[in-house]
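As structure tokens, the structure follows; a few thoughts come after it.
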Amino acid sequence: MATLDELEQRLYPSDGSDPTPNESCHVYHHSILQLSNNANSTAQLIRAIDVGKQAVGILFKDCHESRTMHWARLAAFAASMVAKRSKYFCEPLSVHVIRDINCLLSHWEPGISTQNVTLDQSACLKNWMLSVFCDARTCPDPRVRVLMLRFLAFYWHHAELDTKAALRTVSGLILNYEALDEETLLPTDRRGEEKGEPGLLYPLMFLLEGLGRHGYLDHMCQAAITQVRRLIPGPETRCLATLVKRTCRSAERIKAMYMMFDIKAPYILESLTGVVKFFGVLVTSQSTVHAYESPGLLKLASDSLVDMISSILEIGPILQLESTTGYADLIGMVNKTLESLALRGDSPKSVWIKVQQDHSHVFPRFTRQTQTMGLSLLFLSPSAGAREASWAEEMEEVPTKYLDSLTQDIMTEPVRLLTSGMTVDHSTIITLLLTSITPFDPFTRLPLCHGSFKSLPRLKRQIREWKNRKHCNREMEEE
């Protein structure tokens, strides 16, 4: 077996010439042999991964798909060897090895075929990757832990998802959600022709869809609903809140990058399409829809949707000039998401109803923007202005004590802030608790915590009776 020094000499000849395909192939296969050599130190393991990666890069420099597949093979083998060394030799975790393995998968996405990759499906590898992702003691750095999302998606793309591993994966998501920021989720910007790294958005979607399809997100969502009802947002609620906020912030970041830098339209369209799909997976999936219809999360979801659409439309005229078909497809994806939300419009707590209540004033602007580009946003009709006027007229008749002191909306679940004596809706409290690192009473600036507020069941009953009377009167007028 060739030594690492010999492999590096073959890869980078002293005369400065490029290695032949046969030389690169030889280096690649011997780098795999070096990975299986248990006598190698961690530093030598990192060198073997790097040598193998460079050999594949040279061998398939003109074929992105083959390069991605062989890097994936190298990553699968390296992960298997590291897992065995960790189990049988009690070797401490190396952050550099984790980074290098996930770097090999940086161009892989769930839609890319890796059918020629043989993946070790032993308990050893499974336990190792889940320990890295789910255990802060095994891997203290959240930025490194979150990188394992791609390897997890890669693994479950080839192996069957079992209950124990799936529930540990959900626990890892709850542990690591704060590290899933826009920079991590979005692809690297592509200002040249070279294909950039895809980011973690699609692997995360792949995992959420698979976990939700088999019911493994149910416990997290039910926990969030219970926490919201008790006005004690826990990590499950904060995870769902953070993920949905990432959609609008990602769209805003993409818009800012497009306006400030010379970035090609295909990258912008691909990134925005991914963000819209991600929002749909979060808010319209059967597994999570009820959680996002709970107070606080409902408002965050409706606000995020409108902000996301606003960012997409603001850069529309310029983006459409570069890619008419691509932008039309993007608006089509937005319409598909709106349709999914509208189908739940019969639910009084649906995101769609909340969007109409809080944001109908922007519908005419959205309609004008899309019509100017020869497109249309379905379900956002121009008559929204009339609905808004009707709503404003109805609000004038509402007794003041039924209105949220902060938002001036009609309350559903009135709550008194003991730190100020003001009355706000249950959803306002949840929003304050979820959107601030140190929540405070907006009227006195005193800290908010569990026990700083009191439910008002009598006022809630009065509001419900008033709404019922208004509804009966409206029906009589229509008849």
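Residue numbering restarts at 1 in every chain; chains get A, B, ... in the order shown in the structure tokens, and ligands count up from 1 in that same order.
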Ala241 in chain A environment, 12 Å, only C-alpha atoms, sequence neighbours closer than 3 positions dropped, as number ranges by chain: A: 174, 177-178, 221, 224-225, 228, 233-238, 244-248, 279, 282-283, 288, 291-304, 430-436
Residue list (helix (DSSP H, G or I), DSSP) for range 6-165 of chain A, as a ChimeraX atom specification: /A:6-11,21-35,42-59,64-88,95-104,123-134,142-145,148-158,163-165
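Closest approach to Asn335 in chain A among A:Arg458, A:Lys277, A:His107, A:Lys61 is made by A:Lys277 (distances from only C-alpha atoms).
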Using only C-alpha atoms, find each residue of range 151-251 of chain A with at least one atom at most 10 Å away from an atom of range 74-97 of chain A; report its shortest atom-to-atom pair and that distance in Å (one decimal), sort the rows by chain and rising residue number, and return the result as CSV.
residue,atom,partner,partner_atom,distance
A:Phe151,CA,A:Ala76,CA,8.7
A:Phe154,CA,A:Ala76,CA,9.1
A:Tyr155,CA,A:Ala76,CA,8.6
Mind writing the picked residues with N, CA and C atoms as a PDB file, in the first residue's frame?
ATOM      1  N   PHE A 151     -25.224  14.626   6.151  1.00  0.00           N
ATOM      2  CA  PHE A 151     -24.881  13.202   6.212  1.00  0.00           C
ATOM      3  C   PHE A 151     -26.088  12.370   6.652  1.00  0.00           C
ATOM      4  N   PHE A 154     -28.246  12.033   3.695  1.00  0.00           N
ATOM      5  CA  PHE A 154     -27.577  11.089   2.795  1.00  0.00           C
ATOM      6  C   PHE A 154     -27.768   9.654   3.275  1.00  0.00           C
ATOM      7  N   TYR A 155     -27.623   9.447   4.578  1.00  0.00           N
ATOM      8  CA  TYR A 155     -27.770   8.104   5.150  1.00  0.00           C
ATOM      9  C   TYR A 155     -29.210   7.599   4.987  1.00  0.00           C
TER      10      TYR A 155
END
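Taking CA of Asp141 in chain A as the reference point, CA of Gln34 in chain A is found at 27.7 Å.
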Exercise: Gly111 in chain A partners within 12 Å, only C-alpha atoms, chain neighbours under 2 positions left out, as JSON, numbers by chain: {"A": [65, 107, 108, 109, 113, 114, 115, 153, 154, 157, 198, 202, 203, 205, 206]}
Produce a file of the selected residues containing all heavy atoms, as a compact mmCIF listing (two decimals), in the first residue's frame.
# COMPACT_ATOMS: atom_id res chain seq x y z
N GLU A 65 -21.52 15.46 -11.88
CA GLU A 65 -22.28 14.33 -11.31
C GLU A 65 -21.35 13.21 -10.84
O GLU A 65 -21.49 12.67 -9.73
CB GLU A 65 -23.29 13.79 -12.33
CG GLU A 65 -24.47 14.69 -12.60
CD GLU A 65 -24.11 15.92 -13.44
OE1 GLU A 65 -23.03 15.90 -14.08
OE2 GLU A 65 -24.89 16.88 -13.46
N HIS A 107 -21.75 18.92 -2.10
CA HIS A 107 -22.47 19.10 -3.37
C HIS A 107 -23.61 18.11 -3.55
O HIS A 107 -24.33 18.15 -4.54
CB HIS A 107 -21.51 18.99 -4.56
CG HIS A 107 -20.53 20.11 -4.64
ND1 HIS A 107 -20.84 21.34 -5.17
CD2 HIS A 107 -19.24 20.20 -4.23
CE1 HIS A 107 -19.80 22.15 -5.10
NE2 HIS A 107 -18.81 21.47 -4.53
N TRP A 108 -23.75 17.20 -2.57
CA TRP A 108 -24.83 16.21 -2.70
C TRP A 108 -26.14 16.78 -2.20
O TRP A 108 -26.20 17.48 -1.19
CB TRP A 108 -24.50 14.95 -1.90
CG TRP A 108 -25.62 13.94 -1.96
CD1 TRP A 108 -25.84 13.02 -2.93
CD2 TRP A 108 -26.68 13.79 -1.01
NE1 TRP A 108 -26.99 12.30 -2.66
CE2 TRP A 108 -27.53 12.75 -1.49
CE3 TRP A 108 -27.02 14.42 0.18
CZ2 TRP A 108 -28.67 12.34 -0.80
CZ3 TRP A 108 -28.15 14.02 0.85
CH2 TRP A 108 -28.95 12.98 0.37
N GLU A 109 -27.22 16.49 -2.93
CA GLU A 109 -28.57 16.84 -2.52
C GLU A 109 -29.46 15.62 -2.75
O GLU A 109 -29.12 14.73 -3.55
CB GLU A 109 -29.10 18.03 -3.33
CG GLU A 109 -28.42 19.34 -2.96
CD GLU A 109 -29.01 20.52 -3.70
OE1 GLU A 109 -29.11 20.44 -4.95
OE2 GLU A 109 -29.38 21.49 -3.05
N SER A 113 -28.53 11.28 -7.81
CA SER A 113 -28.43 9.83 -7.71
C SER A 113 -27.04 9.42 -7.26
O SER A 113 -26.03 9.89 -7.79
CB SER A 113 -28.75 9.18 -9.06
OG SER A 113 -28.52 7.79 -9.01
N THR A 114 -27.00 8.54 -6.26
CA THR A 114 -25.73 7.94 -5.82
C THR A 114 -25.94 6.43 -5.68
O THR A 114 -25.54 5.82 -4.68
CB THR A 114 -25.29 8.54 -4.47
OG1 THR A 114 -26.39 8.49 -3.55
CG2 THR A 114 -24.83 9.97 -4.62
N GLN A 115 -26.58 5.86 -6.70
CA GLN A 115 -26.94 4.45 -6.63
C GLN A 115 -25.72 3.52 -6.58
O GLN A 115 -25.82 2.38 -6.13
CB GLN A 115 -27.82 4.08 -7.82
CG GLN A 115 -27.17 4.35 -9.18
CD GLN A 115 -28.11 4.06 -10.32
OE1 GLN A 115 -29.23 3.63 -10.12
NE2 GLN A 115 -27.65 4.30 -11.55
N ALA A 153 -29.26 13.10 6.05
CA ALA A 153 -30.14 13.00 4.87
C ALA A 153 -29.56 11.99 3.88
O ALA A 153 -30.31 11.20 3.29
CB ALA A 153 -30.30 14.38 4.22
N PHE A 154 -28.25 12.03 3.70
CA PHE A 154 -27.58 11.09 2.79
C PHE A 154 -27.77 9.65 3.27
O PHE A 154 -28.06 8.75 2.49
CB PHE A 154 -26.08 11.44 2.73
CG PHE A 154 -25.25 10.50 1.92
CD1 PHE A 154 -25.36 10.46 0.54
CD2 PHE A 154 -24.34 9.65 2.53
CE1 PHE A 154 -24.57 9.58 -0.22
CE2 PHE A 154 -23.56 8.78 1.79
CZ PHE A 154 -23.68 8.75 0.41
N HIS A 157 -31.33 8.51 2.92
CA HIS A 157 -31.64 8.38 1.50
C HIS A 157 -31.33 6.96 1.02
O HIS A 157 -31.91 6.48 0.03
CB HIS A 157 -30.84 9.41 0.70
CG HIS A 157 -31.26 9.54 -0.73
ND1 HIS A 157 -30.65 8.85 -1.76
CD2 HIS A 157 -32.23 10.28 -1.31
CE1 HIS A 157 -31.23 9.16 -2.91
NE2 HIS A 157 -32.18 10.03 -2.67
N PRO A 198 -24.60 23.74 -2.19
CA PRO A 198 -26.04 23.91 -2.12
C PRO A 198 -26.60 24.40 -0.79
O PRO A 198 -27.72 24.84 -0.74
CB PRO A 198 -26.57 22.49 -2.41
CG PRO A 198 -25.43 21.74 -2.98
CD PRO A 198 -24.21 22.35 -2.41
N TYR A 202 -32.23 21.89 1.30
CA TYR A 202 -32.87 20.70 0.73
C TYR A 202 -32.67 19.45 1.59
O TYR A 202 -33.60 18.67 1.76
CB TYR A 202 -32.39 20.48 -0.71
CG TYR A 202 -33.10 21.38 -1.69
CD1 TYR A 202 -32.53 22.58 -2.09
CD2 TYR A 202 -34.35 21.06 -2.20
CE1 TYR A 202 -33.18 23.43 -2.98
CE2 TYR A 202 -35.02 21.89 -3.08
CZ TYR A 202 -34.42 23.08 -3.47
OH TYR A 202 -35.08 23.91 -4.34
N PRO A 203 -31.48 19.21 2.15
CA PRO A 203 -31.36 18.08 3.08
C PRO A 203 -32.30 18.21 4.27
O PRO A 203 -32.88 17.22 4.72
CB PRO A 203 -29.89 18.13 3.51
CG PRO A 203 -29.18 18.77 2.37
CD PRO A 203 -30.14 19.78 1.83
N MET A 205 -35.19 19.81 4.32
CA MET A 205 -36.55 19.52 3.82
C MET A 205 -36.76 18.03 3.66
O MET A 205 -37.82 17.50 4.00
CB MET A 205 -36.78 20.23 2.47
CG MET A 205 -37.29 21.63 2.59
SD MET A 205 -37.92 22.24 1.01
CE MET A 205 -36.43 22.52 0.11
N PHE A 206 -35.76 17.34 3.12
CA PHE A 206 -35.85 15.90 2.91
C PHE A 206 -36.09 15.18 4.24
O PHE A 206 -36.94 14.28 4.34
CB PHE A 206 -34.57 15.39 2.25
CG PHE A 206 -34.49 13.91 2.09
CD1 PHE A 206 -35.16 13.26 1.06
CD2 PHE A 206 -33.75 13.14 2.98
CE1 PHE A 206 -35.09 11.88 0.91
CE2 PHE A 206 -33.67 11.76 2.85
CZ PHE A 206 -34.35 11.13 1.81
Atomic distance CA of His450 in chain A - CA of Leu180 in chain A, expressed in Å with one decimal: 27.2 Å
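Excluding Met148 in chain A and any residue on its chain fewer than 6 positions from it, the residues at most 8 Å away by only C-alpha atoms are Ile98, Asn102, Met129, Val132 and Phe133 of chain A.
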Selection export as a PDB file, in the first residue's frame, atoms kept: C-alpha atoms:
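Saved result, selection_16.pdb, follows:
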ATOM      1  CA  ILE A  98     -16.391  15.732  10.810  1.00  0.00           C
ATOM      2  CA  ASN A 102     -19.373  16.603   5.376  1.00  0.00           C
ATOM      3  CA  MET A 129     -23.644   9.915  13.319  1.00  0.00           C
ATOM      4  CA  VAL A 132     -22.445  13.633  16.733  1.00  0.00           C
ATOM      5  CA  PHE A 133     -25.731  15.291  15.715  1.00  0.00           C
TER       6      PHE A 133
END
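Closest approach to Pro266 in chain A among A:Pro187, A:Gly421, A:Gly57, A:Gly52 is made by A:Pro187 (distances from only C-alpha atoms).
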Shell around His214 in chain A at 9 Å using only C-alpha atoms, local window under 4 positions removed, as a ChimeraX atom specification: /A:209-210,287
Separation of CA of Phe443 in chain A from CA of Ile463 in chain A in Å: 23.3 Å
